[in-house]
$ cat entry30.pdb   # PDB, C-alpha atoms
ATOM      1  CA  MET A   1      43.640  43.111  68.125
ATOM      2  CA  THR A   2      45.819  45.338  65.921
ATOM      3  CA  GLU A   3      44.261  48.095  63.856
ATOM      4  CA  LYS A   4      45.128  47.061  60.286
ATOM      5  CA  LYS A   5      45.959  43.360  60.399
ATOM      6  CA  LYS A   6      43.018  42.075  62.385
ATOM      7  CA  TYR A   7      40.183  44.487  61.810
ATOM      8  CA  SER A   8      39.369  47.101  59.217
ATOM      9  CA  PHE A   9      35.896  48.059  58.146
ATOM     10  CA  LYS A  10      34.068  50.653  56.073
ATOM     11  CA  CYS A  11      30.319  50.385  55.559
ATOM     12  CA  ALA A  12      29.340  50.457  51.879
ATOM     13  CA  GLU A  13      25.953  51.931  52.801
ATOM     14  CA  GLN A  14      23.498  51.765  49.846
ATOM     15  CA  ASN A  15      26.242  50.438  47.558
ATOM     16  CA  CYS A  16      26.507  47.233  49.592
ATOM     17  CA  PRO A  17      25.835  44.213  47.320
ATOM     18  CA  ASP A  18      24.323  41.872  49.946
ATOM     19  CA  ARG A  19      23.292  43.856  53.057
ATOM     20  CA  VAL A  20      24.096  40.996  55.438
ATOM     21  CA  CYS A  21      23.582  43.420  58.328
ATOM     22  CA  CYS A  22      19.885  43.529  57.382
ATOM     23  CA  THR A  23      19.454  39.893  56.322
ATOM     24  CA  ARG A  24      21.246  38.257  59.288
ATOM     25  CA  PRO A  25      18.934  35.910  61.241
ATOM     26  CA  HIS A  26      18.409  38.180  64.262
ATOM     27  CA  VAL A  27      18.725  41.917  64.844
ATOM     28  CA  ASN A  28      18.863  42.200  68.618
ATOM     29  CA  VAL A  29      17.189  45.056  70.469
ATOM     30  CA  THR A  30      18.127  46.072  74.026
ATOM     31  CA  PHE A  31      16.497  48.043  76.825
ATOM     32  CA  GLY A  32      19.119  50.668  76.017
ATOM     33  CA  ASP A  33      17.724  50.938  72.483
ATOM     34  CA  LEU A  34      14.197  51.405  73.850
ATOM     35  CA  SER A  35      15.425  54.116  76.227
ATOM     36  CA  ARG A  36      17.280  55.962  73.440
ATOM     37  CA  TRP A  37      14.252  55.814  71.131
ATOM     38  CA  ALA A  38      11.999  57.114  73.906
ATOM     39  CA  THR A  39      14.392  59.993  74.598
ATOM     40  CA  GLN A  40      14.528  60.810  70.870
ATOM     41  CA  ASN A  41      10.706  60.607  70.596
ATOM     42  CA  TYR A  42      11.110  57.810  68.015
ATOM     43  CA  LEU A  43       9.716  54.942  70.096
ATOM     44  CA  ASN A  44       6.164  55.089  68.710
ATOM     45  CA  HIS A  45       7.542  54.981  65.157
ATOM     46  CA  ILE A  46       9.762  51.951  65.838
ATOM     47  CA  LEU A  47       7.895  49.885  68.441
ATOM     48  CA  HIS A  48       5.597  48.240  65.852
ATOM     49  CA  GLY A  49       8.669  46.564  64.363
ATOM     50  CA  ILE A  50       9.918  45.016  67.625
ATOM     51  CA  THR A  51       9.020  41.524  68.847
ATOM     52  CA  LEU A  52       9.536  39.469  72.000
ATOM     53  CA  ASN A  53      11.080  36.073  71.240
ATOM     54  CA  LEU A  54       9.559  33.417  73.476
ATOM     55  CA  GLU A  55      10.167  30.325  71.321
ATOM     56  CA  GLU A  56      13.930  30.315  71.939
ATOM     57  CA  ALA A  57      13.742  31.532  75.540
ATOM     58  CA  GLU A  58      14.750  28.223  77.149
ATOM     59  CA  GLU A  59      17.766  27.800  74.871
ATOM     60  CA  LYS A  60      19.015  31.360  74.386
ATOM     61  CA  GLY A  61      17.122  33.355  76.980
ATOM     62  CA  MET A  62      14.229  35.716  76.356
ATOM     63  CA  THR A  63      15.223  38.379  73.823
ATOM     64  CA  LEU A  64      13.915  41.347  71.879
ATOM     65  CA  SER A  65      14.558  41.732  68.170
ATOM     66  CA  THR A  66      13.208  43.414  65.073
ATOM     67  CA  LEU A  67      10.458  41.651  63.148
ATOM     68  CA  ARG A  68      11.278  39.843  59.888
ATOM     69  CA  LYS A  69       9.820  40.189  56.393
ATOM     70  CA  PRO A  70      10.397  38.155  53.198
ATOM     71  CA  LEU A  71      12.508  39.682  50.452
ATOM     72  CA  SER A  72      10.674  40.328  47.187
ATOM     73  CA  LYS A  73      13.631  39.029  45.149
ATOM     74  CA  ASP A  74      13.816  35.826  47.210
ATOM     75  CA  THR A  75      10.775  35.007  49.345
ATOM     76  CA  ASP A  76      12.658  32.151  51.029
ATOM     77  CA  GLN A  77      14.990  34.726  52.565
ATOM     78  CA  THR A  78      13.960  37.250  55.196
ATOM     79  CA  ALA A  79      15.305  40.591  56.331
ATOM     80  CA  CYS A  80      14.814  43.056  59.145
ATOM     81  CA  VAL A  81      11.433  44.757  58.853
ATOM     82  CA  PHE A  82      13.187  48.145  58.660
ATOM     83  CA  PHE A  83      15.159  47.172  55.550
ATOM     84  CA  ASP A  84      14.035  49.131  52.477
ATOM     85  CA  GLU A  85      14.755  46.662  49.702
ATOM     86  CA  GLU A  86      14.108  49.107  46.868
ATOM     87  CA  ALA A  87      16.457  51.737  48.296
ATOM     88  CA  ASN A  88      18.895  49.076  49.599
ATOM     89  CA  ALA A  89      18.982  50.947  52.884
ATOM     90  CA  CYS A  90      17.877  50.884  56.505
ATOM     91  CA  ARG A  91      14.807  53.039  57.154
ATOM     92  CA  ILE A  92      15.994  53.832  60.697
ATOM     93  CA  ARG A  93      19.661  54.171  59.805
ATOM     94  CA  PHE A  94      20.309  57.102  62.131
ATOM     95  CA  SER A  95      18.451  55.525  65.068
ATOM     96  CA  ARG A  96      19.267  51.862  64.450
ATOM     97  CA  PRO A  97      19.772  49.396  67.338
ATOM     98  CA  ILE A  98      23.167  49.280  68.977
ATOM     99  CA  SER A  99      23.715  45.760  67.565
ATOM    100  CA  CYS A 100      23.540  47.342  64.096
ATOM    101  CA  ARG A 101      25.889  50.168  65.025
ATOM    102  CA  THR A 102      28.554  47.689  66.165
ATOM    103  CA  PHE A 103      28.047  45.213  63.271
ATOM    104  CA  PRO A 104      30.090  43.258  62.244
ATOM    105  CA  LEU A 105      32.225  43.659  65.382
ATOM    106  CA  GLU A 106      30.943  41.984  68.542
ATOM    107  CA  HIS A 107      32.162  41.241  72.061
ATOM    108  CA  ASP A 108      31.369  38.159  74.143
ATOM    109  CA  GLY A 109      32.589  39.427  77.506
ATOM    110  CA  GLU A 110      36.141  38.209  76.925
ATOM    111  CA  LYS A 111      37.156  38.848  73.331
ATOM    112  CA  PHE A 112      36.167  40.716  70.174
ATOM    113  CA  TYR A 113      35.196  38.881  67.008
ATOM    114  CA  VAL A 114      33.617  39.423  63.589
ATOM    115  CA  THR A 115      30.047  38.087  63.519
ATOM    116  CA  ASP A 116      29.682  37.813  59.733
ATOM    117  CA  LYS A 117      32.732  37.547  57.484
ATOM    118  CA  GLU A 118      30.481  37.901  54.409
ATOM    119  CA  CYS A 119      30.008  41.595  55.197
ATOM    120  CA  ALA A 120      31.289  43.542  52.190
ATOM    121  CA  GLY A 121      32.778  46.283  54.366
ATOM    122  CA  ILE A 122      35.303  44.031  56.125
ATOM    123  CA  GLY A 123      38.870  44.739  55.060
ATOM    124  CA  LYS A 124      37.874  47.994  53.382
ATOM    125  CA  GLY A 125      39.289  51.367  54.313
ATOM    126  CA  GLU A 126      41.656  52.132  57.152
ATOM    127  CA  VAL A 127      40.746  52.153  60.805
ATOM    128  CA  THR A 128      42.614  54.679  62.931
ATOM    129  CA  ARG A 129      43.634  53.904  66.477
ATOM    130  CA  GLU A 130      40.904  56.248  67.756
ATOM    131  CA  ALA A 131      38.214  54.729  65.486
ATOM    132  CA  LEU A 132      39.183  51.223  66.590
ATOM    133  CA  ARG A 133      39.045  52.236  70.243
ATOM    134  CA  GLU A 134      35.546  53.698  69.763
ATOM    135  CA  ALA A 135      34.379  50.591  67.857
ATOM    136  CA  LYS A 136      35.589  48.328  70.661
ATOM    137  CA  GLN A 137      33.990  50.490  73.337
ATOM    138  CA  LEU A 138      30.672  50.392  71.483
ATOM    139  CA  ALA A 139      30.910  46.594  71.085
ATOM    140  CA  GLU A 140      31.526  46.254  74.829
ATOM    141  CA  LYS A 141      28.528  48.499  75.519
ATOM    142  CA  GLU A 142      26.352  46.380  73.189
ATOM    143  CA  TYR A 143      27.403  43.243  75.064
ATOM    144  CA  GLU A 144      26.559  44.820  78.430
ATOM    145  CA  GLU A 145      23.132  45.974  77.195
ATOM    146  CA  ARG A 146      22.437  42.575  75.606
ATOM    147  CA  VAL A 147      23.241  40.706  78.841
ATOM    148  CA  GLU A 148      21.251  43.199  80.924
ATOM    149  CA  THR A 149      18.223  42.774  78.655
ATOM    150  CA  ILE A 150      18.353  38.970  78.628
ATOM    151  CA  THR A 151      18.712  38.966  82.428
ATOM    152  CA  ALA A 152      15.917  41.437  83.217
ATOM    153  CA  LEU A 153      13.423  40.629  80.458
ATOM    154  CA  PRO A 154      11.835  37.541  82.110
ATOM    155  CA  ALA A 155      11.071  39.576  85.251
ATOM    156  CA  VAL A 156       9.631  42.468  83.231
ATOM    157  CA  TYR A 157       7.544  39.996  81.204
ATOM    158  CA  SER A 158       6.218  38.378  84.399
ATOM    159  CA  VAL A 159       5.243  41.757  85.868
ATOM    160  CA  ILE A 160       3.378  42.769  82.687
ATOM    161  CA  MET A 161       1.615  39.402  82.353
ATOM    162  CA  GLY A 162       0.656  39.464  86.022
ATOM    163  CA  GLN A 163      -0.851  42.922  85.621
ATOM    164  CA  MET A 164      -2.788  41.829  82.526
ATOM    165  CA  LEU A 165      -4.167  38.767  84.329
ATOM    166  CA  ARG A 166      -5.281  40.905  87.267
ATOM    167  CA  GLN A 167      -6.986  43.365  84.939
ATOM    168  CA  SER A 168      -8.652  40.499  83.062
ATOM    169  CA  ALA A 169      -9.896  38.955  86.310
ATOM    170  CA  GLU A 170     -11.226  42.322  87.462
ATOM    171  CA  ALA A 171     -13.002  42.868  84.138
ATOM    172  CA  MET A 172     -14.590  39.404  84.339
ATOM    173  CA  LYS A 173     -15.756  40.081  87.895
ATOM    174  CA  ASN A 174     -17.489  43.269  86.784
ATOM    175  CA  LEU A 175     -19.323  41.672  83.852
ATOM    176  CA  SER A 176     -23.092  41.625  84.017
ATOM    177  CA  ASP A 177     -24.854  38.249  83.886
ATOM    178  CA  GLU A 178     -25.970  39.012  80.337
ATOM    179  CA  ASP A 179     -22.466  39.908  79.154
ATOM    180  CA  ARG A 180     -21.008  36.851  80.896
ATOM    181  CA  LYS A 181     -23.537  34.647  79.085
ATOM    182  CA  LYS A 182     -22.614  36.209  75.726
ATOM    183  CA  LEU A 183     -18.911  35.657  76.430
ATOM    184  CA  ASP A 184     -19.550  32.009  77.364
ATOM    185  CA  GLU A 185     -21.443  31.524  74.084
ATOM    186  CA  ILE A 186     -18.600  33.050  72.080
ATOM    187  CA  MET A 187     -15.979  30.864  73.809
ATOM    188  CA  SER A 188     -18.123  27.746  73.364
ATOM    189  CA  LYS A 189     -18.583  28.478  69.671
ATOM    190  CA  ARG A 190     -14.836  29.032  69.235
ATOM    191  CA  GLU A 191     -14.046  25.729  70.960
ATOM    192  CA  GLN A 192     -16.467  23.915  68.651
ATOM    193  CA  GLU A 193     -14.853  25.525  65.581
ATOM    194  CA  ASP A 194     -11.373  24.559  66.782
ATOM    195  CA  ALA A 195     -12.518  20.977  67.408
ATOM    196  CA  SER A 196     -14.076  20.842  63.936
ATOM    197  CA  LYS A 197     -10.839  22.053  62.332
ATOM    198  CA  SER A 198      -8.886  19.443  64.283
ATOM    199  CA  ASP A 199     -11.206  16.667  63.075
ATOM    200  CA  ASP A 200     -10.868  17.867  59.457
ATOM    201  CA  SER A 201      -7.086  17.833  59.661
ATOM    202  CA  ASP A 202      -7.133  14.235  60.941
TER
END
$ encode --input "entry30.pdb" --output "structure tokens"
Amino acid sequence: MTEKKKYSFKCAEQNCPDRVCCTRPHVNVTFGDLSRWATQNYLNHILHGITLNLEEAEEKGMTLSTLRKPLSKDTDQTACVFFDEEANACRIRFSRPISCRTFPLEHDGEKFYVTDKECAGIGKGEVTREALREAKQLAEKEYEERVETITALPAVYSVIMGQMLRQSAEAMKNLSDEDRKKLDEIMSKREQEDASKSDDSD
């Protein structure tokens, strides 16, 4: 990859006309991001906007990403939950995930490539040899963190779920007969409501 012919980029910030970095389908989050946010004391302010993706786990592996929200100007299109549509800016710009810091440059373990050629910053400005080297190093780091997260996340998920099941079983064991009866009544009522809704839909 040569500096000027193959890759040049300058973020347009709030002057960007389309903000494809915020409207792309997935904004990946890594364990490295979580660690950085915890160190910066930002984790509690950001964690509410992070989700665990289980639906695509079999196809793409279990991943973390930012939540999505519909755009007011086009409700059929969604954006990262941290995108401030009115200001045309990212609300966590200075603590954004590493996948955002490398965008639109990405690494797949073998080569570098541009993830979204619609990005308005591509081809703008000049990239020095040092800036290009830093961009490539960051893209390699993002790839390493992404792979590490996808690899470790299922085990972490299993540990957490196992702990929750044990706590739930312990709580059930300690219920009084009266509380257990109330819980059974609530569950029975919920099952009846679900069955009724199913019959109505048929």
$ atom_distance --input "entry30.pdb" --atom1 "atom CA of A:Leu52" --atom2 "atom CA of A:Leu64"
4.8 Å
$ closest_atom_pairs --input "entry30.pdb" --of "stretch 60-145 of chain A" --to "stretch 13-29 of chain A" --cutoff "6 Å" --atoms "all atoms listed in the file" --output "JSON lines"
{"residue": "A:Leu64", "atom": "CA", "partner": "A:Val29", "partner_atom": "CA", "distance": 5.1}
{"residue": "A:Ser65", "atom": "CA", "partner": "A:Asn28", "partner_atom": "CA", "distance": 4.4}
{"residue": "A:Thr66", "atom": "CA", "partner": "A:Val27", "partner_atom": "CA", "distance": 5.7}
{"residue": "A:Ala79", "atom": "CA", "partner": "A:Thr23", "partner_atom": "CA", "distance": 4.2}
{"residue": "A:Cys80", "atom": "CA", "partner": "A:Cys22", "partner_atom": "CA", "distance": 5.4}
{"residue": "A:Asn88", "atom": "CA", "partner": "A:Gln14", "partner_atom": "CA", "distance": 5.3}
{"residue": "A:Ala89", "atom": "CA", "partner": "A:Gln14", "partner_atom": "CA", "distance": 5.5}
{"residue": "A:Pro97", "atom": "CA", "partner": "A:Val29", "partner_atom": "CA", "distance": 5.9}
{"residue": "A:Cys119", "atom": "CA", "partner": "A:Val20", "partner_atom": "CA", "distance": 5.9}
$ resolve_selection --input "entry30.pdb" --expression "the PyMOL selection byres ((chain A and resi 31) around 9)" --output "list of chain:residue names"
A:Val29, A:Thr30, A:Gly32, A:Asp33, A:Leu34, A:Ser35, A:Arg36, A:Leu64, A:Glu145, A:Arg146, A:Glu148, A:Thr149, A:Leu153
$ write_last_selection --input "entry30.pdb" --atoms "C-alpha atoms" --output "PDB file, in the frame of the given file"
ATOM      1  CA  VAL A  29      17.189  45.056  70.469  1.00  0.00           C
ATOM      2  CA  THR A  30      18.127  46.072  74.026  1.00  0.00           C
ATOM      3  CA  GLY A  32      19.119  50.668  76.017  1.00  0.00           C
ATOM      4  CA  ASP A  33      17.724  50.938  72.483  1.00  0.00           C
ATOM      5  CA  LEU A  34      14.197  51.405  73.850  1.00  0.00           C
ATOM      6  CA  SER A  35      15.425  54.116  76.227  1.00  0.00           C
ATOM      7  CA  ARG A  36      17.280  55.962  73.440  1.00  0.00           C
ATOM      8  CA  LEU A  64      13.915  41.347  71.879  1.00  0.00           C
ATOM      9  CA  GLU A 145      23.132  45.974  77.195  1.00  0.00           C
ATOM     10  CA  ARG A 146      22.437  42.575  75.606  1.00  0.00           C
ATOM     11  CA  GLU A 148      21.251  43.199  80.924  1.00  0.00           C
ATOM     12  CA  THR A 149      18.223  42.774  78.655  1.00  0.00           C
ATOM     13  CA  LEU A 153      13.423  40.629  80.458  1.00  0.00           C
TER      14      LEU A 153
END
$ resolve_selection --input "entry30.pdb" --expression "the PyMOL selection byres ((chain A and resi 70) around 12)" --output "compact mmCIF listing (two decimals) with C-alpha atoms, in the frame of the given file"
# COMPACT_ATOMS: atom_id res chain seq x y z
CA CYS A 22 19.89 43.53 57.38
CA THR A 23 19.45 39.89 56.32
CA PRO A 25 18.93 35.91 61.24
CA LEU A 67 10.46 41.65 63.15
CA ARG A 68 11.28 39.84 59.89
CA LYS A 69 9.82 40.19 56.39
CA LEU A 71 12.51 39.68 50.45
CA SER A 72 10.67 40.33 47.19
CA LYS A 73 13.63 39.03 45.15
CA ASP A 74 13.82 35.83 47.21
CA THR A 75 10.78 35.01 49.34
CA ASP A 76 12.66 32.15 51.03
CA GLN A 77 14.99 34.73 52.56
CA THR A 78 13.96 37.25 55.20
CA ALA A 79 15.30 40.59 56.33
CA CYS A 80 14.81 43.06 59.14
CA VAL A 81 11.43 44.76 58.85
CA PHE A 82 13.19 48.14 58.66
CA PHE A 83 15.16 47.17 55.55
CA ASP A 84 14.04 49.13 52.48
CA GLU A 85 14.76 46.66 49.70
$ resolve_selection --input "entry30.pdb" --expression "the PyMOL selection byres ((chain A and resi 125) around 12)" --output "list of chain:residue names"
A:Glu3, A:Lys4, A:Tyr7, A:Ser8, A:Phe9, A:Lys10, A:Cys11, A:Ala12, A:Ala120, A:Gly121, A:Ile122, A:Gly123, A:Lys124, A:Glu126, A:Val127, A:Thr128, A:Ala131
$ write_last_selection --input "entry30.pdb" --atoms "C-alpha atoms" --output "mmCIF file, keeping the file's coordinate frame"
data_model
loop_
_atom_site.group_PDB
_atom_site.id
_atom_site.type_symbol
_atom_site.label_atom_id
_atom_site.label_comp_id
_atom_site.auth_asym_id
_atom_site.auth_seq_id
_atom_site.Cartn_x
_atom_site.Cartn_y
_atom_site.Cartn_z
ATOM 1 C CA GLU A 3 44.261 48.095 63.856
ATOM 2 C CA LYS A 4 45.128 47.061 60.286
ATOM 3 C CA TYR A 7 40.183 44.487 61.810
ATOM 4 C CA SER A 8 39.369 47.101 59.217
ATOM 5 C CA PHE A 9 35.896 48.059 58.146
ATOM 6 C CA LYS A 10 34.068 50.653 56.073
ATOM 7 C CA CYS A 11 30.319 50.385 55.559
ATOM 8 C CA ALA A 12 29.340 50.457 51.879
ATOM 9 C CA ALA A 120 31.289 43.542 52.190
ATOM 10 C CA GLY A 121 32.778 46.283 54.366
ATOM 11 C CA ILE A 122 35.303 44.031 56.125
ATOM 12 C CA GLY A 123 38.870 44.739 55.060
ATOM 13 C CA LYS A 124 37.874 47.994 53.382
ATOM 14 C CA GLU A 126 41.656 52.132 57.152
ATOM 15 C CA VAL A 127 40.746 52.153 60.805
ATOM 16 C CA THR A 128 42.614 54.679 62.931
ATOM 17 C CA ALA A 131 38.214 54.729 65.486
#
$ atom_distance --input "entry30.pdb" --atom1 "atom CA of A:His48" --atom2 "atom CA of A:Gly61"
21.9 Å
$ closest_residue --input "entry30.pdb" --among "A:Tyr143, A:Ile92, A:Ile186, A:Glu86" --to "A:Leu47" --atoms "only C-alpha atoms"
A:Ile92
$ closest_residue --input "entry30.pdb" --among "A:Asn174, A:Tyr157, A:Glu118, A:Pro104" --to "A:Asn53" --atoms "all atoms listed in the file"
A:Tyr157
$ closest_residue --input "entry30.pdb" --among "A:Thr102, A:Gln163, A:Ser188, A:Ser95" --to "A:Lys136" --atoms "only C-alpha atoms"
A:Thr102
$ decode --input "entry30.pdb" --residues "stretch 78-121 of chain A" --atoms "C-alpha atoms" --output "PDB file, in the first residue's frame"
ATOM      1  CA  THR A  78     -30.636   3.047  11.601  1.00  0.00           C
ATOM      2  CA  ALA A  79     -27.488   4.443  13.152  1.00  0.00           C
ATOM      3  CA  CYS A  80     -25.245   3.804  16.118  1.00  0.00           C
ATOM      4  CA  VAL A  81     -27.001   4.752  19.347  1.00  0.00           C
ATOM      5  CA  PHE A  82     -24.201   7.236  20.107  1.00  0.00           C
ATOM      6  CA  PHE A  83     -24.806   9.205  16.903  1.00  0.00           C
ATOM      7  CA  ASP A  84     -26.205  12.682  17.608  1.00  0.00           C
ATOM      8  CA  GLU A  85     -28.265  13.314  14.499  1.00  0.00           C
ATOM      9  CA  GLU A  86     -28.967  16.967  15.267  1.00  0.00           C
ATOM     10  CA  ALA A  87     -25.294  17.791  15.818  1.00  0.00           C
ATOM     11  CA  ASN A  88     -24.174  15.361  13.069  1.00  0.00           C
ATOM     12  CA  ALA A  89     -21.566  14.046  15.471  1.00  0.00           C
ATOM     13  CA  CYS A  90     -20.582  11.118  17.662  1.00  0.00           C
ATOM     14  CA  ARG A  91     -21.426  11.667  21.333  1.00  0.00           C
ATOM     15  CA  ILE A  92     -18.419   9.585  22.434  1.00  0.00           C
ATOM     16  CA  ARG A  93     -16.064  10.869  19.759  1.00  0.00           C
ATOM     17  CA  PHE A  94     -13.020  11.019  22.024  1.00  0.00           C
ATOM     18  CA  SER A  95     -13.651   7.574  23.542  1.00  0.00           C
ATOM     19  CA  ARG A  96     -15.140   5.806  20.523  1.00  0.00           C
ATOM     20  CA  PRO A  97     -14.525   2.084  19.862  1.00  0.00           C
ATOM     21  CA  ILE A  98     -11.321   1.113  18.126  1.00  0.00           C
ATOM     22  CA  SER A  99     -13.331   0.015  15.054  1.00  0.00           C
ATOM     23  CA  CYS A 100     -14.427   3.656  14.719  1.00  0.00           C
ATOM     24  CA  ARG A 101     -10.909   4.987  15.187  1.00  0.00           C
ATOM     25  CA  THR A 102      -9.619   2.820  12.325  1.00  0.00           C
ATOM     26  CA  PHE A 103     -12.625   3.409  10.006  1.00  0.00           C
ATOM     27  CA  PRO A 104     -12.612   3.168   7.007  1.00  0.00           C
ATOM     28  CA  LEU A 105      -9.316   1.246   7.057  1.00  0.00           C
ATOM     29  CA  GLU A 106      -9.467  -2.371   8.210  1.00  0.00           C
ATOM     30  CA  HIS A 107      -7.192  -5.407   8.354  1.00  0.00           C
ATOM     31  CA  ASP A 108      -8.210  -9.041   7.886  1.00  0.00           C
ATOM     32  CA  GLY A 109      -5.040 -10.681   9.178  1.00  0.00           C
ATOM     33  CA  GLU A 110      -3.363 -10.636   5.769  1.00  0.00           C
ATOM     34  CA  LYS A 111      -4.120  -7.373   3.997  1.00  0.00           C
ATOM     35  CA  PHE A 112      -5.507  -3.875   4.521  1.00  0.00           C
ATOM     36  CA  TYR A 113      -8.673  -2.721   2.795  1.00  0.00           C
ATOM     37  CA  VAL A 114     -11.255   0.074   2.819  1.00  0.00           C
ATOM     38  CA  THR A 115     -14.503  -1.097   4.437  1.00  0.00           C
ATOM     39  CA  ASP A 116     -16.789   1.588   2.985  1.00  0.00           C
ATOM     40  CA  LYS A 117     -15.848   3.461  -0.183  1.00  0.00           C
ATOM     41  CA  GLU A 118     -18.833   5.802   0.328  1.00  0.00           C
ATOM     42  CA  CYS A 119     -16.996   7.495   3.200  1.00  0.00           C
ATOM     43  CA  ALA A 120     -16.637  11.167   2.272  1.00  0.00           C
ATOM     44  CA  GLY A 121     -13.155  11.400   3.786  1.00  0.00           C
TER      45      GLY A 121
END
